[in-house]
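Enquirer: Next comes the structure file my_file39.txt, holding compact mmCIF, C-alpha atoms.
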# COMPACT_ATOMS: atom_id res chain seq x y z
CA MET A 12 0.00 0.00 0.00
CA ARG A 13 1.84 2.98 -1.38
CA LEU A 14 0.31 5.65 0.87
CA LEU A 15 1.35 3.67 3.93
CA LYS A 16 4.90 3.00 2.73
CA GLU A 17 5.37 6.67 1.91
CA ARG A 18 4.14 7.58 5.37
CA ILE A 19 6.50 5.07 7.03
CA ILE A 20 9.42 6.54 5.07
CA LYS A 21 8.36 10.09 5.94
CA ASP A 22 7.47 9.73 9.61
CA GLY A 23 8.76 6.35 10.79
CA ILE A 24 11.87 6.39 12.94
CA VAL A 25 14.26 3.45 12.96
CA LYS A 26 15.97 2.93 16.31
CA ASP A 27 18.57 0.56 17.62
CA GLY A 28 17.28 -2.77 18.83
CA ASP A 29 15.02 -3.47 15.85
CA VAL A 30 12.52 -0.78 16.84
CA LEU A 31 10.44 1.05 14.23
CA LYS A 32 8.65 3.96 15.83
CA VAL A 33 5.45 4.78 13.95
CA ASP A 34 3.75 6.31 16.94
CA SER A 35 3.16 9.68 15.28
CA PHE A 36 0.51 8.18 12.99
CA LEU A 37 -0.21 4.52 13.75
CA ASN A 38 -0.08 3.40 17.36
CA HIS A 39 0.02 6.29 19.81
CA GLN A 40 -1.14 9.27 17.79
CA ILE A 41 -3.56 8.06 15.11
CA ASP A 42 -4.03 9.60 11.68
CA VAL A 43 -7.67 8.79 11.21
CA ASN A 44 -7.57 9.38 7.46
CA LEU A 45 -4.76 6.87 7.13
CA TYR A 46 -6.78 4.42 9.24
CA ARG A 47 -9.69 4.89 6.86
CA GLU A 48 -7.49 4.07 3.86
CA ILE A 49 -6.05 1.05 5.68
CA GLY A 50 -9.55 -0.18 6.48
CA LYS A 51 -10.58 0.32 2.86
CA GLU A 52 -7.54 -1.63 1.64
CA PHE A 53 -8.25 -4.59 3.93
CA TYR A 54 -11.79 -4.56 2.58
CA ARG A 55 -10.51 -4.52 -1.00
CA ILE A 56 -8.34 -7.55 -0.24
CA TYR A 57 -10.85 -9.62 1.74
CA ALA A 58 -14.23 -8.54 0.32
CA GLY A 59 -16.19 -11.52 -0.94
CA CYS A 60 -14.45 -13.96 1.41
CA GLY A 61 -17.45 -14.22 3.73
CA VAL A 62 -15.87 -12.45 6.72
CA ASN A 63 -18.55 -11.99 9.40
CA LYS A 64 -16.37 -10.81 12.29
CA ILE A 65 -13.04 -9.08 12.82
CA VAL A 66 -10.82 -10.17 15.69
CA THR A 67 -7.91 -8.15 17.04
CA ILE A 68 -5.93 -7.72 20.24
CA GLU A 69 -5.80 -4.73 22.54
CA ALA A 70 -4.66 -2.04 22.43
CA SER A 71 -3.30 -0.73 19.14
CA GLY A 72 -5.20 -3.21 16.99
CA ILE A 73 -8.58 -1.90 18.09
CA GLY A 74 -8.73 1.36 16.18
CA ILE A 75 -7.54 -0.27 12.96
CA ALA A 76 -10.06 -3.07 13.36
CA VAL A 77 -12.87 -0.54 13.90
CA ALA A 78 -11.84 1.39 10.78
CA ALA A 79 -11.86 -1.83 8.75
CA ALA A 80 -15.14 -3.04 10.27
CA MET A 81 -16.86 0.09 8.97
CA TYR A 82 -16.21 -1.17 5.43
CA PHE A 83 -17.02 -4.83 6.14
CA ASP A 84 -20.04 -3.83 8.26
CA VAL A 85 -19.31 -6.59 10.77
CA PRO A 86 -18.62 -6.56 14.52
CA VAL A 87 -15.14 -6.41 16.05
CA VAL A 88 -14.10 -8.59 18.96
CA PHE A 89 -10.89 -7.64 20.69
CA ALA A 90 -8.89 -10.06 22.81
CA LYS A 91 -8.08 -8.72 26.26
CA LYS A 92 -4.67 -9.05 27.74
CA SER A 93 -5.65 -10.28 31.17
CA LYS A 94 -8.73 -11.59 32.85
CA THR A 95 -10.51 -8.77 34.66
CA ARG A 96 -13.46 -9.30 36.91
CA ASN A 97 -15.72 -7.75 34.27
CA ILE A 98 -15.16 -10.76 32.03
CA ALA A 99 -17.07 -13.26 34.08
CA GLY A 100 -17.83 -16.76 32.93
CA ASP A 101 -16.09 -18.79 30.34
CA VAL A 102 -13.34 -17.47 28.13
CA TYR A 103 -11.10 -18.89 25.46
CA LYS A 104 -7.55 -18.28 26.57
CA SER A 105 -4.06 -18.41 25.14
CA VAL A 106 -0.60 -17.09 25.97
CA VAL A 107 1.31 -14.48 23.99
CA HIS A 108 4.94 -13.59 24.47
CA SER A 109 5.60 -9.87 24.18
CA PHE A 110 9.12 -9.03 23.09
CA THR A 111 8.34 -5.36 23.67
CA HIS A 112 7.57 -5.96 27.33
CA GLY A 113 9.79 -9.01 27.73
CA LYS A 114 7.14 -11.23 29.27
CA ASP A 115 4.26 -13.62 28.66
CA PHE A 116 0.68 -12.55 29.14
CA ASP A 117 -2.70 -14.22 28.86
CA VAL A 118 -5.11 -13.19 26.14
CA VAL A 119 -8.77 -13.99 26.49
CA ILE A 120 -11.98 -13.72 24.49
CA SER A 121 -15.36 -14.45 26.02
CA LYS A 122 -16.97 -17.62 24.67
CA ASP A 123 -20.12 -15.55 24.09
CA PHE A 124 -18.58 -13.79 21.10
CA LEU A 125 -17.07 -16.59 19.04
CA ASN A 126 -18.66 -19.71 17.60
CA SER A 127 -18.11 -22.37 15.00
CA GLU A 128 -20.17 -20.49 12.40
CA ASP A 129 -17.82 -17.50 12.44
CA LYS A 130 -15.53 -16.60 9.55
CA ILE A 131 -12.84 -14.42 11.01
CA LEU A 132 -10.49 -11.79 9.69
CA ILE A 133 -7.69 -11.12 12.17
CA ILE A 134 -6.31 -7.58 12.13
CA ASP A 135 -3.23 -6.22 13.85
CA ASP A 136 -0.81 -3.34 13.51
CA PHE A 137 2.45 -5.33 13.53
CA LEU A 138 3.63 -8.82 12.65
CA ALA A 139 7.15 -9.75 13.71
CA ASN A 140 7.72 -13.09 15.46
CA GLY A 141 4.03 -13.93 15.13
CA SER A 142 3.35 -14.62 18.78
CA ALA A 143 0.21 -12.44 18.96
CA LEU A 144 -1.25 -13.96 15.79
CA GLU A 145 -0.50 -17.47 17.02
CA GLY A 146 -2.29 -16.73 20.28
CA LEU A 147 -5.33 -15.40 18.43
CA CYS A 148 -5.34 -18.43 16.10
CA ASP A 149 -5.18 -20.72 19.12
CA ILE A 150 -8.23 -18.97 20.62
CA LEU A 151 -10.11 -19.14 17.32
CA LYS A 152 -9.31 -22.84 16.96
CA GLN A 153 -10.75 -23.47 20.42
CA SER A 154 -13.97 -21.76 19.35
CA GLY A 155 -14.24 -23.72 16.11
CA ALA A 156 -14.35 -20.48 14.08
CA GLU A 157 -12.78 -20.43 10.65
CA VAL A 158 -9.86 -18.08 10.06
CA ILE A 159 -10.24 -16.48 6.64
CA GLY A 160 -6.94 -14.66 6.95
CA ALA A 161 -4.97 -11.93 8.64
CA GLY A 162 -4.62 -8.28 7.71
CA ILE A 163 -1.44 -6.73 9.03
CA VAL A 164 -0.41 -3.11 8.66
CA ILE A 165 3.38 -3.53 8.98
CA GLU A 166 5.21 -6.85 8.76
CA LYS A 167 8.84 -7.21 9.68
CA GLY A 168 9.55 -9.60 6.82
CA TYR A 169 13.01 -10.49 8.12
CA GLN A 170 11.50 -11.96 11.28
CA ALA A 171 10.04 -15.45 11.40
CA GLY A 172 6.31 -14.84 12.03
CA GLY A 173 4.97 -14.22 8.53
CA LYS A 174 6.91 -17.11 6.95
CA MET A 175 5.89 -19.52 9.70
CA LEU A 176 2.18 -18.65 9.51
CA ARG A 177 2.08 -18.78 5.70
CA GLU A 178 3.80 -22.18 5.75
CA GLN A 179 1.06 -23.35 8.09
CA GLY A 180 -1.37 -22.45 5.30
CA MET A 181 -2.68 -19.19 6.72
CA ARG A 182 -3.45 -16.30 4.40
CA VAL A 183 -1.47 -13.30 5.68
CA GLU A 184 -1.80 -9.99 3.85
CA SER A 185 0.49 -7.21 5.01
CA LEU A 186 0.13 -3.69 3.66
CA ALA A 187 3.86 -3.01 4.05
CA ILE A 188 6.54 -5.68 4.42
CA ILE A 189 9.93 -4.50 5.59
CA ASP A 190 12.80 -6.68 4.36
CA LYS A 191 15.55 -4.75 6.06
CA MET A 192 15.90 -1.79 8.35
CA GLY A 193 18.43 -0.12 10.57
CA PRO A 194 19.72 3.30 11.55
CA ASP A 195 22.35 2.86 8.82
CA VAL A 196 20.31 1.41 5.91
CA GLY A 197 16.97 3.09 6.58
CA ILE A 198 13.88 1.09 5.60
CA ILE A 199 13.80 -1.29 2.63
CA PHE A 200 10.40 -2.66 1.63
CA ARG A 201 9.69 -5.91 -0.14
CA GLU A 202 8.49 -5.32 -3.72
CA MET B 16 -28.97 9.24 23.17
CA ARG B 17 -32.00 7.09 22.68
CA LEU B 18 -30.44 4.39 20.49
CA LEU B 19 -27.74 3.81 23.10
CA LYS B 20 -30.12 3.69 26.05
CA GLU B 21 -32.35 1.22 24.23
CA ARG B 22 -29.33 -0.94 23.53
CA ILE B 23 -28.19 -0.82 27.15
CA ILE B 24 -31.66 -1.91 28.27
CA LYS B 25 -31.78 -4.65 25.64
CA ASP B 26 -28.26 -6.09 25.94
CA GLY B 27 -26.69 -4.67 29.11
CA ILE B 28 -26.45 -7.03 32.07
CA VAL B 29 -26.45 -5.67 35.62
CA LYS B 30 -24.41 -7.75 38.02
CA ASP B 31 -23.73 -7.65 41.71
CA GLY B 32 -20.92 -5.36 42.79
CA ASP B 33 -22.00 -2.38 40.69
CA VAL B 34 -21.01 -4.03 37.42
CA LEU B 35 -22.78 -3.20 34.16
CA LYS B 36 -21.72 -5.62 31.46
CA VAL B 37 -22.01 -4.06 28.02
CA ASP B 38 -19.36 -6.23 26.46
CA SER B 39 -21.63 -7.63 23.78
CA PHE B 40 -21.69 -4.28 21.95
CA LEU B 41 -19.40 -1.69 23.57
CA ASN B 42 -16.14 -2.90 25.10
CA HIS B 43 -15.29 -6.44 24.12
CA GLN B 44 -17.44 -7.14 21.10
CA ILE B 45 -18.02 -3.88 19.22
CA ASP B 46 -21.11 -2.97 17.23
CA VAL B 47 -19.48 -0.77 14.64
CA ASN B 48 -22.75 0.81 13.56
CA LEU B 49 -23.43 1.86 17.13
CA TYR B 50 -19.88 3.27 17.33
CA ARG B 51 -20.61 5.29 14.20
CA GLU B 52 -23.76 6.75 15.76
CA ILE B 53 -21.88 7.49 18.98
CA GLY B 54 -19.14 9.24 17.02
CA LYS B 55 -21.74 11.25 15.12
CA GLU B 56 -23.45 12.27 18.36
CA PHE B 57 -20.20 13.51 19.94
CA TYR B 58 -19.62 15.50 16.77
CA ARG B 59 -23.11 16.98 16.97
CA ILE B 60 -22.43 18.05 20.56
CA TYR B 61 -18.91 19.43 20.13
CA ALA B 62 -18.85 20.60 16.49
CA GLY B 63 -17.86 24.25 16.28
CA CYS B 64 -15.89 24.15 19.55
CA GLY B 65 -12.53 24.14 17.80
CA VAL B 66 -11.51 20.61 18.76
CA ASN B 67 -8.27 19.75 16.95
CA LYS B 68 -7.38 16.49 18.70
CA ILE B 69 -9.16 13.70 20.55
CA VAL B 70 -7.50 12.14 23.58
CA THR B 71 -8.52 8.82 25.09
CA ILE B 72 -7.03 6.02 27.16
CA GLU B 73 -6.36 2.43 26.14
CA ALA B 74 -7.95 0.05 25.54
CA SER B 75 -11.70 0.41 25.19
CA GLY B 76 -11.63 4.16 24.54
CA ILE B 77 -9.63 3.78 21.35
CA GLY B 78 -12.28 2.44 19.00
CA ILE B 79 -14.84 5.01 20.14
CA ALA B 80 -12.32 7.82 19.74
CA VAL B 81 -11.47 6.64 16.21
CA ALA B 82 -15.16 6.53 15.28
CA ALA B 83 -15.61 10.08 16.59
CA ALA B 84 -12.40 11.34 14.96
CA MET B 85 -13.78 10.32 11.55
CA TYR B 86 -16.47 12.98 11.98
CA PHE B 87 -14.19 15.62 13.51
CA ASP B 88 -11.43 14.81 11.00
CA VAL B 89 -8.75 15.23 13.67
CA PRO B 90 -6.07 12.89 15.05
CA VAL B 91 -6.55 10.67 18.10
CA VAL B 92 -3.91 10.34 20.80
CA PHE B 93 -4.38 7.50 23.25
CA ALA B 94 -2.74 7.42 26.66
CA LYS B 95 -0.83 4.23 27.34
CA LYS B 96 -1.15 2.42 30.59
CA SER B 97 2.51 1.76 31.23
CA LYS B 98 5.78 2.94 29.85
CA THR B 99 7.04 0.47 27.26
CA ARG B 100 10.45 0.69 25.67
CA ASN B 101 8.80 1.84 22.43
CA ILE B 102 7.85 5.12 24.08
CA ALA B 103 11.30 6.56 24.32
CA GLY B 104 12.03 10.08 25.44
CA ASP B 105 9.87 12.43 27.34
CA VAL B 106 6.33 11.68 28.35
CA TYR B 107 3.63 13.41 30.35
CA LYS B 108 2.62 11.05 33.11
CA SER B 109 -0.13 10.68 35.67
CA VAL B 110 -1.57 7.98 37.90
CA VAL B 111 -5.00 6.40 37.57
CA HIS B 112 -6.66 4.15 40.10
CA SER B 113 -8.57 1.27 38.53
CA PHE B 114 -11.39 -0.02 40.65
CA THR B 115 -11.89 -2.85 38.15
CA HIS B 116 -8.36 -4.13 38.67
CA GLY B 117 -7.98 -2.87 42.23
CA LYS B 118 -4.67 -1.06 41.66
CA ASP B 119 -2.96 2.11 40.50
CA PHE B 120 -1.28 2.34 37.14
CA ASP B 121 0.70 4.98 35.29
CA VAL B 122 -0.74 6.57 32.17
CA VAL B 123 1.57 8.30 29.75
CA ILE B 124 1.40 10.37 26.58
CA SER B 125 4.49 11.29 24.60
CA LYS B 126 5.32 15.00 24.74
CA ASP B 127 5.58 14.90 20.95
CA PHE B 128 1.80 14.67 20.54
CA LEU B 129 0.47 17.39 22.84
CA ASN B 130 1.18 21.08 22.96
CA SER B 131 -0.21 24.32 24.29
CA GLU B 132 -2.02 25.09 21.02
CA ASP B 133 -4.17 21.97 21.28
CA LYS B 134 -7.90 22.06 21.95
CA ILE B 135 -8.78 18.64 23.26
CA LEU B 136 -11.91 16.54 23.39
CA ILE B 137 -11.47 13.66 25.82
CA ILE B 138 -13.44 10.52 24.98
CA ASP B 139 -13.98 7.43 27.09
CA ASP B 140 -16.45 4.58 27.37
CA PHE B 141 -17.26 4.87 31.09
CA LEU B 142 -17.26 7.56 33.76
CA ALA B 143 -17.72 6.40 37.35
CA ASN B 144 -15.37 7.71 40.02
CA GLY B 145 -13.60 9.90 37.47
CA SER B 146 -10.09 8.65 38.10
CA ALA B 147 -9.26 8.04 34.44
CA LEU B 148 -10.58 11.46 33.38
CA GLU B 149 -8.66 13.15 36.20
CA GLY B 150 -5.46 11.44 35.08
CA LEU B 151 -5.99 12.56 31.49
CA CYS B 152 -6.77 16.12 32.63
CA ASP B 153 -3.58 16.12 34.69
CA ILE B 154 -1.58 15.09 31.62
CA LEU B 155 -3.28 17.71 29.46
CA LYS B 156 -2.61 20.40 32.05
CA GLN B 157 1.08 19.49 32.03
CA SER B 158 1.11 19.97 28.24
CA GLY B 159 -0.65 23.32 28.38
CA ALA B 160 -3.40 22.06 26.08
CA GLU B 161 -6.93 23.35 26.52
CA VAL B 162 -9.62 20.83 27.45
CA ILE B 163 -12.77 21.65 25.48
CA GLY B 164 -14.72 18.93 27.24
CA ALA B 165 -15.29 15.24 27.67
CA GLY B 166 -17.53 12.89 25.74
CA ILE B 167 -18.55 9.82 27.73
CA VAL B 168 -20.63 6.94 26.48
CA ILE B 169 -22.01 5.70 29.82
CA GLU B 170 -21.85 7.65 33.08
CA LYS B 171 -22.70 6.09 36.41
CA GLY B 172 -24.45 9.21 37.67
CA TYR B 173 -24.71 7.91 41.21
CA GLN B 174 -20.93 7.83 41.53
CA ALA B 175 -18.86 10.90 42.30
CA GLY B 176 -16.85 11.45 39.10
CA GLY B 177 -19.24 13.42 36.92
CA LYS B 178 -20.38 15.75 39.69
CA MET B 179 -16.81 16.42 40.82
CA LEU B 180 -15.54 17.20 37.32
CA ARG B 181 -18.51 19.44 36.47
CA GLU B 182 -18.04 21.34 39.74
CA GLN B 183 -14.44 21.93 38.70
CA GLY B 184 -15.87 23.66 35.61
CA MET B 185 -15.30 20.92 33.10
CA ARG B 186 -17.84 20.30 30.37
CA VAL B 187 -18.84 16.63 30.59
CA GLU B 188 -21.35 15.27 28.09
CA SER B 189 -22.52 11.70 28.65
CA LEU B 190 -24.70 9.93 26.12
CA ALA B 191 -26.39 7.85 28.83
CA ILE B 192 -26.39 8.67 32.53
CA ILE B 193 -27.47 5.91 34.87
CA ASP B 194 -29.02 7.19 38.10
CA LYS B 195 -29.65 3.81 39.65
CA MET B 196 -29.04 0.19 38.82
CA GLY B 197 -29.04 -3.20 40.42
CA PRO B 198 -30.10 -6.76 39.79
CA ASP B 199 -33.39 -5.87 41.57
CA VAL B 200 -34.23 -2.43 40.06
CA GLY B 201 -32.73 -2.87 36.59
CA ILE B 202 -31.34 0.28 34.99
CA ILE B 203 -32.83 3.73 35.57
CA PHE B 204 -31.54 6.54 33.35
CA ARG B 205 -31.46 10.24 34.18
CA GLU B 206 -34.01 12.19 32.11
How does the structure come out when it is put into structure tokens?
Expert:
Amino acid sequence: MRLLKERIIKDGIVKDGDVLKVDSFLNHQIDVNLYREIGKEFYRIYAGCGVNKIVTIEASGIGIAVAAAMYFDVPVVFAKKSKTRNIAGDVYKSVVHSFTHGKDFDVVISKDFLNSEDKILIIDDFLANGSALEGLCDILKQSGAEVIGAGIVIEKGYQAGGKMLREQGMRVESLAIIDKMGPDVGIIFRE
Amino acid sequence: MRLLKERIIKDGIVKDGDVLKVDSFLNHQIDVNLYREIGKEFYRIYAGCGVNKIVTIEASGIGIAVAAAMYFDVPVVFAKKSKTRNIAGDVYKSVVHSFTHGKDFDVVISKDFLNSEDKILIIDDFLANGSALEGLCDILKQSGAEVIGAGIVIEKGYQAGGKMLREQGMRVESLAIIDKMGPDVGIIFRE
């Protein structure tokens, strides 16, 4: 997605330690017009695939999922990162390792909001090692829902997640795939 | 907002311990058409007030803020609940007490995304004791930004937050104010 790649080049900041800061437009401050275009693009890719629900994970996936859901006209369900007392009753649960925070955390979705009739599009802002997507897929498998595919805004193509998930047969569509980045080389996208 | 109140009556579940579960449409599963109407209503209320940025707090505020921002055509900035290594540099910081989780947590916004020229609409899903709103106001005060007002989806009118903030001179507009609720009485809205 050209608009996105141009924006990453313009406003993304590459830092040591494999960090790409896109927090001026994607995941701290949000450019709502960019979100709209991202939502529209996911719809272009997955329209006609029978998606009836979008699943994402808090926090930065939520806004993107809502923007996309406005085109699909389907509900969003977001996985929560820990079990609070407001999620009573039965939940589907999995574990995600966060490299950003350096720890494991539980992700849960209430059993009320997933079932075996569902055809799910998973949306998230980043794909790197794939731990978040694997956790969501685990939850969806427990529910019997069908995963139509994933829509990712930025994939770090040099990390293992995208390759691993595609080899497992999952459809993963990323709007920008970075093949290489660093304070020295800048950002190089996959063609 | 009639549509919202009808939905709360239809799908909200009142539980012991002052819990109103609205997770089938508002803060776990999201009805994107309802979000659109909520966003439109906030715009109706605050249009013409010069809002140039919407501020909210992760996680469940984000989707609502994005829906509203599409009408205002302004960016969203969401406060993060802890300092991760991806928020480098200077942040404005405050403390919020969560009654749901029974603990205090830090909320931060990068100094890059707030300044003294900003005219802010704060958006959140719930207002009860007002701790989250107070934390956000504290952060906004540090930045020198002007708070135009707050847009709340559901206010628990029998708790102290709304009264306290309005007495401090803040404009607080809630789309549904609950005056009383309980497993015995159901949900009674303020007229």
Enquirer: I'd like the neighbourhood of range 45-56 of chain B as a list in words, where a residue qualifies if any of its atoms comes within 8 Å (using only C-alpha atoms), though same-chain residues fewer than 6 positions away should be ignored.
Expert: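 Once the adjacent positions are removed, what remains is Val77, Ala80, Met81, Asp84, Val85, Pro86, Val87 and Val88 of chain A; Met16, Leu19, Asp38, Ser39, Gly78, Ile79, Ala80, Ala82, Ala83, Ala84, Met85, Tyr86 and Val168 of chain B.
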Enquirer: Using all atoms listed in the file, which protein or nucleic acid residues come within 10 Å of Val162 in chain B? Drop anything in the same chain fewer than 2 positions from it, and give the result as JSON, numbers by chain.
Expert: {"B": [66, 69, 70, 133, 134, 135, 136, 137, 151, 152, 155, 156, 159, 160, 164, 165, 185, 186]}
Enquirer: Those same residues - C-alpha atoms - I'd like them written as a PDB file, keeping the file's coordinate frame.
Expert:
ATOM      1  CA  VAL B  66     -11.510  20.610  18.760  1.00  0.00           C
ATOM      2  CA  ILE B  69      -9.160  13.700  20.550  1.00  0.00           C
ATOM      3  CA  VAL B  70      -7.500  12.140  23.580  1.00  0.00           C
ATOM      4  CA  ASP B 133      -4.170  21.970  21.280  1.00  0.00           C
ATOM      5  CA  LYS B 134      -7.900  22.060  21.950  1.00  0.00           C
ATOM      6  CA  ILE B 135      -8.780  18.640  23.260  1.00  0.00           C
ATOM      7  CA  LEU B 136     -11.910  16.540  23.390  1.00  0.00           C
ATOM      8  CA  ILE B 137     -11.470  13.660  25.820  1.00  0.00           C
ATOM      9  CA  LEU B 151      -5.990  12.560  31.490  1.00  0.00           C
ATOM     10  CA  CYS B 152      -6.770  16.120  32.630  1.00  0.00           C
ATOM     11  CA  LEU B 155      -3.280  17.710  29.460  1.00  0.00           C
ATOM     12  CA  LYS B 156      -2.610  20.400  32.050  1.00  0.00           C
ATOM     13  CA  GLY B 159      -0.650  23.320  28.380  1.00  0.00           C
ATOM     14  CA  ALA B 160      -3.400  22.060  26.080  1.00  0.00           C
ATOM     15  CA  GLY B 164     -14.720  18.930  27.240  1.00  0.00           C
ATOM     16  CA  ALA B 165     -15.290  15.240  27.670  1.00  0.00           C
ATOM     17  CA  MET B 185     -15.300  20.920  33.100  1.00  0.00           C
ATOM     18  CA  ARG B 186     -17.840  20.300  30.370  1.00  0.00           C
TER      19      ARG B 186
END
Enquirer: Select, from A:Ile68, A:Ile188, A:Ala139, A:Leu144, the residue with the minimum atom-to-atom distance to Asp29 in chain A, counting all atoms listed in the file.
Expert: A:Ala139
Enquirer: Report, in Å to a single decimal, how far apart CA of Ser185 in chain A and CA of Tyr54 in chain A are.
Expert: 12.8 Å
Enquirer: Need the shell around range 118-132 of chain B: protein/DNA/RNA residues with any atom at most 7 Å away, counting all atoms listed in the file. Skip same-chain ones fewer than 5 positions apart. Format as a VMD selection string?
Expert: (chain A and resid 40) or (chain B and resid 94 to 98 105 to 113 158 to 160)
Enquirer: What lies within 10 Å of range 21-23 of chain B using only C-alpha atoms, ignoring chain neighbours under 6 positions off, as number ranges by chain?
Expert: B: 29, 35-37, 40-41, 49, 169, 191, 202
Enquirer: Quick one: pull the distance between CA of Gly117 in chain B and CA of Tyr173 in chain B, Å, one decimal.
Expert: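 A separation of 19.9 Å between them.
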Enquirer: Rounded to one decimal place, report the CA of Gly32 in chain B-CA of Ala175 in chain B distance in Å.
Expert: 16.4 Å
Enquirer: Looking at A:Thr67, A:Phe53, A:Ala58, A:Lys21, which one is nearest to chain B, with distances taken over all atoms listed in the file?
Expert: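 Smallest distance to chain B is found for A:Thr67.
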Enquirer: Could you tell me which of A:Leu176, A:Cys60, A:Met192, A:Val30 comes closest to Asn140 in chain A if we count only C-alpha atoms?
Expert: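 Result for the nearest residue to Asn140 in chain A: A:Leu176.
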Enquirer: Emit as AutoDock Vina command-line options the padded axis-aligned box for all listed atoms of range 33-44 of chain B, 4 Å per side, with centre and edge lengths in Å to one decimal.
Expert:
--center_x -19.0 --center_y -4.7 --center_z 30.9 --size_x 15.5 --size_y 13.9 --size_z 27.6
Enquirer: Using all atoms listed in the file for the distances, tell me which of A:Asp22, A:Glu69, A:Asp27, A:Asp136 is nearest to chain B.
Expert: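 Closest to chain B, using all atoms listed in the file: A:Glu69.
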Enquirer: Let me make sure I understand: among A:Met175, A:Ile159, A:Phe137, A:Gln153, which one has the smallest atom-to-atom distance to Asn63 in chain A if we use only C-alpha atoms?
Expert: A:Ile159
